[in-house]
$ cat my_file-v7.cif   # mmCIF, C-alpha atoms; chains and numbers go by the auth columns
data_target
#
loop_
_atom_site.group_PDB
_atom_site.id
_atom_site.type_symbol
_atom_site.label_atom_id
_atom_site.label_comp_id
_atom_site.label_asym_id
_atom_site.label_seq_id
_atom_site.Cartn_x
_atom_site.Cartn_y
_atom_site.Cartn_z
_atom_site.B_iso_or_equiv
_atom_site.auth_seq_id
_atom_site.auth_asym_id
ATOM 1 C CA GLY A 1 -110.456 -73.518 -71.464 0.00 1 I
ATOM 2 C CA ALA A 2 -110.947 -69.890 -72.376 0.00 2 I
ATOM 3 C CA VAL A 3 -113.714 -67.912 -70.699 0.00 3 I
ATOM 4 C CA VAL A 4 -116.218 -65.696 -72.482 0.00 4 I
ATOM 5 C CA SER A 5 -118.700 -63.597 -70.563 0.00 5 I
ATOM 6 C CA GLN A 6 -121.868 -61.915 -71.792 0.00 6 I
ATOM 7 C CA HIS A 7 -123.745 -59.112 -70.141 0.00 7 I
ATOM 8 C CA PRO A 8 -126.558 -58.784 -69.370 0.00 8 I
ATOM 9 C CA SER A 9 -127.930 -62.298 -68.981 0.00 9 I
ATOM 10 C CA TRP A 10 -131.413 -61.020 -69.636 0.00 10 I
ATOM 11 C CA VAL A 11 -132.959 -57.700 -70.551 0.00 11 I
ATOM 12 C CA ILE A 12 -136.457 -56.367 -71.091 0.00 12 I
ATOM 13 C CA CYS A 13 -136.887 -53.231 -73.125 0.00 13 I
ATOM 14 C CA LYS A 14 -139.698 -51.199 -74.602 0.00 14 I
ATOM 15 C CA SER A 15 -140.447 -51.305 -78.277 0.00 15 I
ATOM 16 C CA GLY A 16 -138.540 -48.605 -80.158 0.00 16 I
ATOM 17 C CA THR A 17 -135.600 -48.411 -77.771 0.00 17 I
ATOM 18 C CA SER A 18 -132.078 -49.719 -78.320 0.00 18 I
ATOM 19 C CA VAL A 19 -130.329 -52.386 -76.321 0.00 19 I
ATOM 20 C CA LYS A 20 -126.619 -53.120 -76.059 0.00 20 I
ATOM 21 C CA ILE A 21 -125.230 -56.572 -75.306 0.00 21 I
ATOM 22 C CA GLU A 22 -121.598 -57.043 -74.333 0.00 22 I
ATOM 23 C CA CYS A 23 -119.367 -60.024 -75.045 0.00 23 I
ATOM 24 C CA ARG A 24 -116.026 -60.149 -73.259 0.00 24 I
ATOM 25 C CA SER A 25 -113.119 -62.545 -73.412 0.00 25 I
ATOM 26 C CA LEU A 26 -111.794 -62.743 -69.873 0.00 26 I
ATOM 27 C CA ASP A 27 -108.497 -64.562 -70.192 0.00 27 I
ATOM 28 C CA PHE A 28 -107.445 -64.214 -73.799 0.00 28 I
ATOM 29 C CA GLN A 29 -107.410 -61.673 -76.589 0.00 29 I
ATOM 30 C CA ALA A 30 -110.272 -62.374 -78.956 0.00 30 I
ATOM 31 C CA THR A 31 -109.322 -61.404 -82.462 0.00 31 I
ATOM 32 C CA THR A 32 -112.579 -62.837 -83.756 0.00 32 I
ATOM 33 C CA MET A 33 -116.050 -62.894 -82.281 0.00 33 I
ATOM 34 C CA PHE A 34 -119.240 -64.418 -83.579 0.00 34 I
ATOM 35 C CA TRP A 35 -122.815 -63.449 -82.797 0.00 35 I
ATOM 36 C CA TYR A 36 -125.627 -65.999 -82.988 0.00 36 I
ATOM 37 C CA ARG A 37 -129.359 -65.725 -82.523 0.00 37 I
ATOM 38 C CA GLN A 38 -131.724 -68.382 -81.266 0.00 38 I
ATOM 39 C CA PHE A 39 -135.500 -68.094 -81.508 0.00 39 I
ATOM 40 C CA PRO A 40 -137.559 -70.119 -79.012 0.00 40 I
ATOM 41 C CA LYS A 41 -137.355 -73.834 -79.657 0.00 41 I
ATOM 42 C CA GLN A 42 -135.119 -73.302 -82.656 0.00 42 I
ATOM 43 C CA SER A 43 -131.479 -73.678 -83.494 0.00 43 I
ATOM 44 C CA LEU A 44 -128.705 -71.116 -83.367 0.00 44 I
ATOM 45 C CA MET A 45 -128.154 -69.071 -86.475 0.00 45 I
ATOM 46 C CA LEU A 46 -125.010 -67.085 -87.127 0.00 46 I
ATOM 47 C CA MET A 47 -125.726 -63.388 -87.462 0.00 47 I
ATOM 48 C CA ALA A 48 -122.294 -61.903 -87.989 0.00 48 I
ATOM 49 C CA THR A 49 -118.570 -62.284 -87.590 0.00 49 I
ATOM 50 C CA SER A 50 -116.507 -59.472 -86.157 0.00 50 I
ATOM 51 C CA ASN A 51 -112.760 -59.073 -86.293 0.00 51 I
ATOM 52 C CA GLU A 52 -111.055 -56.641 -83.975 0.00 52 I
ATOM 53 C CA GLY A 53 -110.592 -53.258 -85.574 0.00 53 I
ATOM 54 C CA SER A 54 -112.603 -53.930 -88.689 0.00 54 I
ATOM 55 C CA LYS A 55 -116.222 -53.915 -89.762 0.00 55 I
ATOM 56 C CA ALA A 56 -118.356 -56.924 -89.012 0.00 56 I
ATOM 57 C CA THR A 57 -119.360 -59.336 -91.734 0.00 57 I
ATOM 58 C CA TYR A 58 -123.071 -60.028 -91.648 0.00 58 I
ATOM 59 C CA GLU A 59 -124.801 -63.171 -92.806 0.00 59 I
ATOM 60 C CA GLN A 60 -127.342 -62.975 -95.551 0.00 60 I
ATOM 61 C CA GLY A 61 -130.665 -61.650 -94.337 0.00 61 I
ATOM 62 C CA VAL A 62 -129.311 -59.922 -91.232 0.00 62 I
ATOM 63 C CA GLU A 63 -129.925 -56.182 -91.190 0.00 63 I
ATOM 64 C CA LYS A 64 -126.630 -54.487 -90.433 0.00 64 I
ATOM 65 C CA ASP A 65 -128.302 -51.187 -89.571 0.00 65 I
ATOM 66 C CA LYS A 66 -130.512 -52.873 -87.026 0.00 66 I
ATOM 67 C CA PHE A 67 -127.885 -55.077 -85.414 0.00 67 I
ATOM 68 C CA LEU A 68 -124.842 -52.899 -84.871 0.00 68 I
ATOM 69 C CA ILE A 69 -121.679 -54.774 -83.977 0.00 69 I
ATOM 70 C CA ASN A 70 -118.609 -53.081 -82.595 0.00 70 I
ATOM 71 C CA HIS A 71 -115.394 -54.959 -81.902 0.00 71 I
ATOM 72 C CA ALA A 72 -113.270 -52.058 -80.728 0.00 72 I
ATOM 73 C CA SER A 73 -110.864 -53.950 -78.498 0.00 73 I
ATOM 74 C CA LEU A 74 -109.342 -57.406 -78.240 0.00 74 I
ATOM 75 C CA THR A 75 -111.518 -58.284 -75.274 0.00 75 I
ATOM 76 C CA LEU A 76 -114.851 -56.701 -76.051 0.00 76 I
ATOM 77 C CA SER A 77 -117.475 -56.884 -78.757 0.00 77 I
ATOM 78 C CA THR A 78 -120.902 -55.318 -78.487 0.00 78 I
ATOM 79 C CA LEU A 79 -124.145 -56.018 -80.265 0.00 79 I
ATOM 80 C CA THR A 80 -126.673 -53.179 -80.268 0.00 80 I
ATOM 81 C CA VAL A 81 -130.222 -53.937 -81.290 0.00 81 I
ATOM 82 C CA THR A 82 -131.538 -50.619 -82.533 0.00 82 I
ATOM 83 C CA SER A 83 -135.190 -49.622 -82.478 0.00 83 I
ATOM 84 C CA ALA A 84 -136.092 -52.974 -81.033 0.00 84 I
ATOM 85 C CA HIS A 85 -139.439 -54.564 -81.794 0.00 85 I
ATOM 86 C CA PRO A 86 -141.169 -57.595 -80.294 0.00 86 I
ATOM 87 C CA GLU A 87 -139.997 -59.761 -83.195 0.00 87 I
ATOM 88 C CA ASP A 88 -136.403 -59.086 -82.092 0.00 88 I
ATOM 89 C CA SER A 89 -137.097 -60.931 -78.856 0.00 89 I
ATOM 90 C CA SER A 90 -134.668 -63.803 -78.869 0.00 90 I
ATOM 91 C CA PHE A 91 -131.674 -65.420 -77.214 0.00 91 I
ATOM 92 C CA TYR A 92 -128.431 -63.853 -78.394 0.00 92 I
ATOM 93 C CA ILE A 93 -125.162 -65.667 -77.822 0.00 93 I
ATOM 94 C CA CYS A 94 -121.608 -64.799 -78.703 0.00 94 I
ATOM 95 C CA SER A 95 -118.476 -66.835 -79.169 0.00 95 I
ATOM 96 C CA ALA A 96 -114.891 -65.672 -79.274 0.00 96 I
ATOM 97 C CA SER A 97 -111.509 -66.964 -80.301 0.00 97 I
ATOM 98 C CA ASP A 98 -108.066 -66.074 -81.513 0.00 98 I
ATOM 99 C CA ARG A 99 -105.521 -67.620 -83.858 0.00 99 I
ATOM 100 C CA THR A 100 -104.048 -69.840 -81.164 0.00 100 I
ATOM 101 C CA TYR A 101 -107.282 -71.707 -80.606 0.00 101 I
ATOM 102 C CA THR A 102 -108.826 -74.105 -83.048 0.00 102 I
ATOM 103 C CA GLU A 103 -112.320 -73.467 -81.746 0.00 103 I
ATOM 104 C CA ALA A 104 -114.343 -70.562 -80.407 0.00 104 I
ATOM 105 C CA PHE A 105 -115.733 -70.370 -76.878 0.00 105 I
ATOM 106 C CA PHE A 106 -119.315 -69.420 -76.091 0.00 106 I
ATOM 107 C CA GLY A 107 -120.696 -66.886 -73.683 0.00 107 I
ATOM 108 C CA GLN A 108 -123.710 -67.750 -71.559 0.00 108 I
ATOM 109 C CA GLY A 109 -126.146 -65.867 -73.757 0.00 109 I
ATOM 110 C CA THR A 110 -128.529 -62.923 -73.343 0.00 110 I
ATOM 111 C CA ARG A 111 -132.298 -63.291 -73.308 0.00 111 I
ATOM 112 C CA LEU A 112 -133.853 -60.173 -74.906 0.00 112 I
ATOM 113 C CA THR A 113 -137.552 -59.505 -74.492 0.00 113 I
ATOM 114 C CA VAL A 114 -139.065 -56.508 -76.251 0.00 114 I
ATOM 115 C CA VAL A 115 -142.440 -55.379 -74.924 0.00 115 I
ATOM 116 C CA ALA B 1 -121.690 -74.786 -97.898 0.00 1 D
ATOM 117 C CA GLN B 2 -121.717 -77.056 -94.924 0.00 2 D
ATOM 118 C CA SER B 3 -124.908 -78.168 -93.249 0.00 3 D
ATOM 119 C CA VAL B 4 -125.972 -80.314 -90.329 0.00 4 D
ATOM 120 C CA THR B 5 -129.057 -82.466 -89.981 0.00 5 D
ATOM 121 C CA GLN B 6 -130.398 -83.869 -86.759 0.00 6 D
ATOM 122 C CA PRO B 7 -133.210 -86.146 -87.920 0.00 7 D
ATOM 123 C CA ASP B 8 -134.889 -86.486 -84.535 0.00 8 D
ATOM 124 C CA ILE B 9 -136.606 -83.392 -83.177 0.00 9 D
ATOM 125 C CA HIS B 10 -137.675 -85.056 -79.959 0.00 10 D
ATOM 126 C CA ILE B 11 -136.585 -88.272 -78.269 0.00 11 D
ATOM 127 C CA THR B 12 -137.925 -89.816 -75.098 0.00 12 D
ATOM 128 C CA VAL B 13 -136.031 -92.502 -73.222 0.00 13 D
ATOM 129 C CA SER B 14 -136.380 -94.071 -69.813 0.00 14 D
ATOM 130 C CA GLU B 15 -133.895 -93.320 -67.100 0.00 15 D
ATOM 131 C CA GLY B 16 -131.114 -95.885 -67.205 0.00 16 D
ATOM 132 C CA ALA B 17 -131.683 -96.718 -70.859 0.00 17 D
ATOM 133 C CA SER B 18 -129.095 -96.169 -73.548 0.00 18 D
ATOM 134 C CA LEU B 19 -129.219 -93.168 -75.839 0.00 19 D
ATOM 135 C CA GLU B 20 -128.152 -92.380 -79.360 0.00 20 D
ATOM 136 C CA LEU B 21 -128.720 -88.990 -80.976 0.00 21 D
ATOM 137 C CA ARG B 22 -128.144 -88.817 -84.688 0.00 22 D
ATOM 138 C CA CYS B 23 -126.228 -86.173 -86.587 0.00 23 D
ATOM 139 C CA ASN B 24 -125.380 -86.032 -90.266 0.00 24 D
ATOM 140 C CA TYR B 25 -123.285 -83.368 -91.866 0.00 25 D
ATOM 141 C CA SER B 26 -122.553 -82.180 -95.342 0.00 26 D
ATOM 142 C CA TYR B 27 -119.075 -80.950 -96.158 0.00 27 D
ATOM 143 C CA GLY B 28 -116.530 -81.860 -98.782 0.00 28 D
ATOM 144 C CA ALA B 29 -113.549 -82.341 -96.528 0.00 29 D
ATOM 145 C CA THR B 30 -113.076 -83.538 -92.982 0.00 30 D
ATOM 146 C CA PRO B 31 -115.042 -81.163 -90.787 0.00 31 D
ATOM 147 C CA TYR B 32 -114.653 -80.114 -87.211 0.00 32 D
ATOM 148 C CA LEU B 33 -117.586 -81.612 -85.312 0.00 33 D
ATOM 149 C CA PHE B 34 -119.135 -80.680 -81.999 0.00 34 D
ATOM 150 C CA TRP B 35 -121.934 -81.688 -79.678 0.00 35 D
ATOM 151 C CA TYR B 36 -123.387 -79.100 -77.305 0.00 36 D
ATOM 152 C CA VAL B 37 -126.081 -79.383 -74.665 0.00 37 D
ATOM 153 C CA GLN B 38 -128.441 -76.593 -73.674 0.00 38 D
ATOM 154 C CA SER B 39 -130.693 -76.644 -70.643 0.00 39 D
ATOM 155 C CA PRO B 40 -133.838 -74.474 -70.759 0.00 40 D
ATOM 156 C CA GLY B 41 -132.966 -70.801 -70.665 0.00 41 D
ATOM 157 C CA GLN B 42 -129.271 -71.533 -70.452 0.00 42 D
ATOM 158 C CA GLY B 43 -126.257 -71.187 -72.697 0.00 43 D
ATOM 159 C CA LEU B 44 -124.354 -73.918 -74.490 0.00 44 D
ATOM 160 C CA GLN B 45 -122.146 -76.459 -72.818 0.00 45 D
ATOM 161 C CA LEU B 46 -119.618 -78.331 -74.926 0.00 46 D
ATOM 162 C CA LEU B 47 -119.974 -82.103 -74.533 0.00 47 D
ATOM 163 C CA LEU B 48 -117.266 -83.206 -76.932 0.00 48 D
ATOM 164 C CA LYS B 49 -115.559 -82.399 -80.193 0.00 49 D
ATOM 165 C CA TYR B 50 -113.801 -84.140 -83.058 0.00 50 D
ATOM 166 C CA PHE B 51 -110.970 -82.536 -84.965 0.00 51 D
ATOM 167 C CA SER B 52 -108.861 -85.481 -86.122 0.00 52 D
ATOM 168 C CA GLY B 53 -107.397 -88.784 -85.010 0.00 53 D
ATOM 169 C CA ASP B 54 -109.349 -91.439 -83.151 0.00 54 D
ATOM 170 C CA THR B 55 -112.866 -91.452 -84.520 0.00 55 D
ATOM 171 C CA LEU B 56 -114.398 -92.402 -81.170 0.00 56 D
ATOM 172 C CA VAL B 57 -114.438 -89.340 -78.963 0.00 57 D
ATOM 173 C CA GLN B 58 -115.073 -89.298 -75.252 0.00 58 D
ATOM 174 C CA GLY B 59 -116.748 -86.312 -73.684 0.00 59 D
ATOM 175 C CA ILE B 60 -118.062 -85.075 -70.385 0.00 60 D
ATOM 176 C CA LYS B 61 -120.961 -86.552 -68.423 0.00 61 D
ATOM 177 C CA GLY B 62 -120.358 -90.023 -69.849 0.00 62 D
ATOM 178 C CA PHE B 63 -121.113 -89.090 -73.456 0.00 63 D
ATOM 179 C CA GLU B 64 -119.220 -90.326 -76.473 0.00 64 D
ATOM 180 C CA ALA B 65 -119.540 -89.817 -80.213 0.00 65 D
ATOM 181 C CA GLU B 66 -118.223 -91.621 -83.245 0.00 66 D
ATOM 182 C CA PHE B 67 -117.170 -89.959 -86.472 0.00 67 D
ATOM 183 C CA LYS B 68 -118.008 -92.078 -89.495 0.00 68 D
ATOM 184 C CA ARG B 69 -116.730 -90.516 -92.657 0.00 69 D
ATOM 185 C CA SER B 70 -118.431 -93.035 -94.940 0.00 70 D
ATOM 186 C CA GLN B 71 -121.813 -92.138 -93.462 0.00 71 D
ATOM 187 C CA SER B 72 -121.095 -88.429 -92.880 0.00 72 D
ATOM 188 C CA SER B 73 -122.292 -88.970 -89.354 0.00 73 D
ATOM 189 C CA PHE B 74 -121.282 -88.002 -85.843 0.00 74 D
ATOM 190 C CA ASN B 75 -123.792 -89.688 -83.554 0.00 75 D
ATOM 191 C CA LEU B 76 -123.832 -89.030 -79.831 0.00 76 D
ATOM 192 C CA ARG B 77 -124.225 -91.928 -77.411 0.00 77 D
ATOM 193 C CA LYS B 78 -124.584 -92.573 -73.721 0.00 78 D
ATOM 194 C CA PRO B 79 -124.914 -96.054 -72.240 0.00 79 D
ATOM 195 C CA SER B 80 -127.223 -95.082 -69.392 0.00 80 D
ATOM 196 C CA VAL B 81 -129.070 -91.777 -69.187 0.00 81 D
ATOM 197 C CA HIS B 82 -129.863 -89.876 -66.016 0.00 82 D
ATOM 198 C CA TRP B 83 -132.829 -87.599 -65.403 0.00 83 D
ATOM 199 C CA SER B 84 -130.434 -84.652 -65.427 0.00 84 D
ATOM 200 C CA ASP B 85 -129.613 -85.377 -69.077 0.00 85 D
ATOM 201 C CA ALA B 86 -132.983 -83.973 -70.146 0.00 86 D
ATOM 202 C CA ALA B 87 -132.106 -80.988 -72.330 0.00 87 D
ATOM 203 C CA GLU B 88 -131.690 -79.820 -75.911 0.00 88 D
ATOM 204 C CA TYR B 89 -128.735 -81.259 -77.812 0.00 89 D
ATOM 205 C CA PHE B 90 -127.112 -79.562 -80.759 0.00 90 D
ATOM 206 C CA CYS B 91 -124.684 -80.996 -83.259 0.00 91 D
ATOM 207 C CA ALA B 92 -122.506 -78.443 -85.032 0.00 92 D
ATOM 208 C CA VAL B 93 -119.941 -78.383 -87.781 0.00 93 D
ATOM 209 C CA GLY B 94 -117.117 -75.963 -88.301 0.00 94 D
ATOM 210 C CA ALA B 95 -115.465 -75.737 -91.657 0.00 95 D
ATOM 211 C CA GLY B 96 -114.060 -73.379 -94.211 0.00 96 D
ATOM 212 C CA ILE B 97 -111.584 -70.595 -93.753 0.00 97 D
ATOM 213 C CA GLN B 98 -112.394 -70.103 -90.093 0.00 98 D
ATOM 214 C CA GLY B 99 -112.235 -73.793 -89.383 0.00 99 D
ATOM 215 C CA ALA B 100 -113.740 -74.813 -86.111 0.00 100 D
ATOM 216 C CA GLN B 101 -114.519 -71.295 -84.944 0.00 101 D
ATOM 217 C CA LYS B 102 -117.500 -70.444 -87.122 0.00 102 D
ATOM 218 C CA LEU B 103 -120.205 -73.033 -86.585 0.00 103 D
ATOM 219 C CA VAL B 104 -123.290 -74.242 -88.380 0.00 104 D
ATOM 220 C CA PHE B 105 -125.744 -75.878 -86.021 0.00 105 D
ATOM 221 C CA GLY B 106 -128.258 -78.609 -86.536 0.00 106 D
ATOM 222 C CA GLN B 107 -131.882 -78.109 -85.618 0.00 107 D
ATOM 223 C CA GLY B 108 -131.425 -79.670 -82.232 0.00 108 D
ATOM 224 C CA THR B 109 -132.883 -82.743 -80.540 0.00 109 D
ATOM 225 C CA ARG B 110 -134.925 -82.363 -77.396 0.00 110 D
ATOM 226 C CA LEU B 111 -134.333 -85.202 -74.970 0.00 111 D
ATOM 227 C CA THR B 112 -136.985 -86.140 -72.445 0.00 112 D
ATOM 228 C CA ILE B 113 -136.269 -88.675 -69.722 0.00 113 D
ATOM 229 C CA ASN B 114 -139.042 -90.832 -68.291 0.00 114 D
ATOM 230 C CA PRO B 115 -138.588 -91.816 -64.649 0.00 115 D
#
$ encode --input "my_file-v7.cif" --output "structure tokens"
Amino acid sequence: GAVVSQHPSWVICKSGTSVKIECRSLDFQATTMFWYRQFPKQSLMLMATSNEGSKATYEQGVEKDKFLINHASLTLSTLTVTSAHPEDSSFYICSASDRTYTEAFFGQGTRLTVV
Amino acid sequence: AQSVTQPDIHITVSEGASLELRCNYSYGATPYLFWYVQSPGQGLQLLLKYFSGDTLVQGIKGFEAEFKRSQSSFNLRKPSVHWSDAAEYFCAVGAGIQGAQKLVFGQGTRLTINP
């Protein structure tokens, strides 16, 4: 199967700072990437869909100015949490795919803790 | 819009006993269905998926699931659980324009194994 890698696996940042999370497709060109968020003991909720070279599509209720998504190449999408606050602490996970795959493949996730 | 319901938030079974985790979905057409497992602090691991064809699907780690269109269900089963099966299990449905790539997850079922 296709491999998707996220970096970092975990990060701790101070309140008010910005944090960037990377999602890379290692052995295929990801035309589409998805970003999900998982609060402790809860399910995964889709935050946004990004297509290479175009603006991300955000789900209802997700602040696009707070969660900046850049999908500048066919192997890399980044999620930047701007001016992070403790309530942004969560597990962020990406998935990626292209038109040749029926499904998307998940990265290992990033645990963000804002202190 | 599609949705997924996992009626059981928490299930406890004894090691060696059989297991069935319930999943019901809502979607007008035949959906793409998935079961994922998540260990604490870890990412998602795909157990099995249903796209079409045989409604009984075999997955990894001895798991299987059966798609029942009449009941809108995709229940996960294992004949004999092992202590290492203790984890969170998520059922997911992919549908719409992006098919199996963009997923809606159920609330998850936490599985505890008694020795």
$ closest_residue --input "my_file-v7.cif" --among "I:Arg37, I:Lys14, I:Lys20, I:His71" --to "chain D" --atoms "only C-alpha atoms"
I:Arg37
$ closest_atom_pairs --input "my_file-v7.cif" --of "chain D" --to "chain I" --cutoff "12 Å" --atoms "only C-alpha atoms" --output "CSV"
residue,atom,partner,partner_atom,distance
D:Ser3,CA,I:Met45,CA,11.8
D:Val4,CA,I:Ser43,CA,11.0
D:Thr5,CA,I:Ser43,CA,11.2
D:Gln6,CA,I:Ser43,CA,10.8
D:Ile9,CA,I:Gln42,CA,10.2
D:His10,CA,I:Lys41,CA,11.2
D:Tyr32,CA,I:Glu103,CA,8.9
D:Leu33,CA,I:Glu103,CA,10.3
D:Phe34,CA,I:Glu103,CA,9.9
D:Tyr36,CA,I:Phe106,CA,10.6
D:Val37,CA,I:Ser43,CA,11.8
D:Gln38,CA,I:Gln108,CA,10.2
D:Ser39,CA,I:Gln108,CA,11.3
D:Pro40,CA,I:Lys41,CA,9.6
D:Gly41,CA,I:Arg111,CA,8.0
D:Gln42,CA,I:Gln108,CA,6.8
D:Gly43,CA,I:Gln108,CA,4.4
D:Leu44,CA,I:Gln108,CA,6.9
D:Gln45,CA,I:Phe106,CA,8.3
D:Leu46,CA,I:Phe106,CA,9.0
D:Leu48,CA,I:Glu103,CA,11.9
D:Lys49,CA,I:Glu103,CA,9.6
D:Tyr50,CA,I:Glu103,CA,10.9
D:Phe51,CA,I:Thr102,CA,8.9
D:Ser52,CA,I:Thr102,CA,11.8
D:Ala87,CA,I:Lys41,CA,11.5
D:Glu88,CA,I:Lys41,CA,9.1
D:Tyr89,CA,I:Ser43,CA,9.9
D:Phe90,CA,I:Ser43,CA,7.8
D:Cys91,CA,I:Ser43,CA,10.0
D:Ala92,CA,I:Leu44,CA,9.7
D:Val93,CA,I:Glu103,CA,10.9
D:Gly94,CA,I:Glu103,CA,8.5
D:Ala95,CA,I:Glu103,CA,10.6
D:Ile97,CA,I:Thr102,CA,11.6
D:Gln98,CA,I:Thr102,CA,8.9
D:Gly99,CA,I:Thr102,CA,7.2
D:Ala100,CA,I:Glu103,CA,4.8
D:Gln101,CA,I:Glu103,CA,4.4
D:Lys102,CA,I:Phe34,CA,7.2
D:Leu103,CA,I:Leu46,CA,7.7
D:Val104,CA,I:Met45,CA,7.4
D:Phe105,CA,I:Leu44,CA,6.2
D:Gly106,CA,I:Ser43,CA,6.6
D:Gln107,CA,I:Ser43,CA,4.9
D:Gly108,CA,I:Ser43,CA,6.1
D:Thr109,CA,I:Ser43,CA,9.6
D:Arg110,CA,I:Lys41,CA,9.2
$ residues_near_point --input "my_file-v7.cif" --point "(-117.3, -63.2, -73.9)" --cutoff "6 Å" --atoms "only C-alpha atoms" --output "list in words"
Val4, Ser5, Gln6, Cys23, Arg24, Ser25 and Gly107 of chain I
$ closest_residue --input "my_file-v7.cif" --among "I:Phe67, I:His7, I:Thr75, I:Ser54" --to "Ala30 in chain I" --atoms "only C-alpha atoms"
I:Thr75
$ atom_distance --input "my_file-v7.cif" --atom1 "CA of Leu112 in chain I" --atom2 "CA of Ser89 in chain I"
5.2 Å
$ residues_around --input "my_file-v7.cif" --residues "Ala86 in chain D" --least-positions-apart "3" --cutoff "6 Å" --atoms "only C-alpha atoms" --output "mmCIF file with C-alpha atoms, keeping the file's coordinate frame"
data_model
loop_
_atom_site.group_PDB
_atom_site.id
_atom_site.type_symbol
_atom_site.label_atom_id
_atom_site.label_comp_id
_atom_site.auth_asym_id
_atom_site.auth_seq_id
_atom_site.Cartn_x
_atom_site.Cartn_y
_atom_site.Cartn_z
ATOM 1 C CA TRP D 83 -132.829 -87.599 -65.403
ATOM 2 C CA LEU D 111 -134.333 -85.202 -74.970
ATOM 3 C CA THR D 112 -136.985 -86.140 -72.445
ATOM 4 C CA ILE D 113 -136.269 -88.675 -69.722
#
$ atom_distance --input "my_file-v7.cif" --atom1 "CA of Glu52 in chain I" --atom2 "CA of Ile69 in chain I"
10.8 Å
$ resolve_selection --input "my_file-v7.cif" --expression "the PyMOL selection byres ((chain D and resi 58) around 12)" --output "PyMOL selection string"
chain D and resi 34-35+46-50+54-57+59-67+76-78
$ residues_around --input "my_file-v7.cif" --residues "Glu63 in chain I" --least-positions-apart "4" --cutoff "12 Å" --atoms "all atoms listed in the file" --output "list in words"
Met47, Ala48, Ala56, Thr57, Tyr58, Glu59, Phe67, Leu68, Ile69, Thr80, Val81, Thr82 and Asp88 of chain I
$ resolve_selection --input "my_file-v7.cif" --expression "the PyMOL selection byres ((chain D and resi 79) around 7)" --output "list of chain:residue names"
D:Ala17, D:Ser18, D:Leu19, D:Arg77, D:Lys78, D:Ser80, D:Val81
$ resolve_selection --input "my_file-v7.cif" --expression "the PyMOL selection byres ((chain I and resi 27) around 7)" --output "list in words"
Ala2, Val3, Ser25, Leu26 and Phe28 of chain I
$ atom_distance --input "my_file-v7.cif" --atom1 "CA of Gly28 in chain D" --atom2 "CA of Gln38 in chain I"
26.8 Å
$ closest_residue --input "my_file-v7.cif" --among "I:Ser18, I:Ser50, I:Gln29, I:Thr113" --to "Pro86 in chain I" --atoms "only C-alpha atoms"
I:Thr113
$ closest_residue --input "my_file-v7.cif" --among "D:Lys68, D:Asn114, D:Gln2, D:Ser73" --to "Cys23 in chain D" --atoms "all atoms listed in the file"
D:Ser73
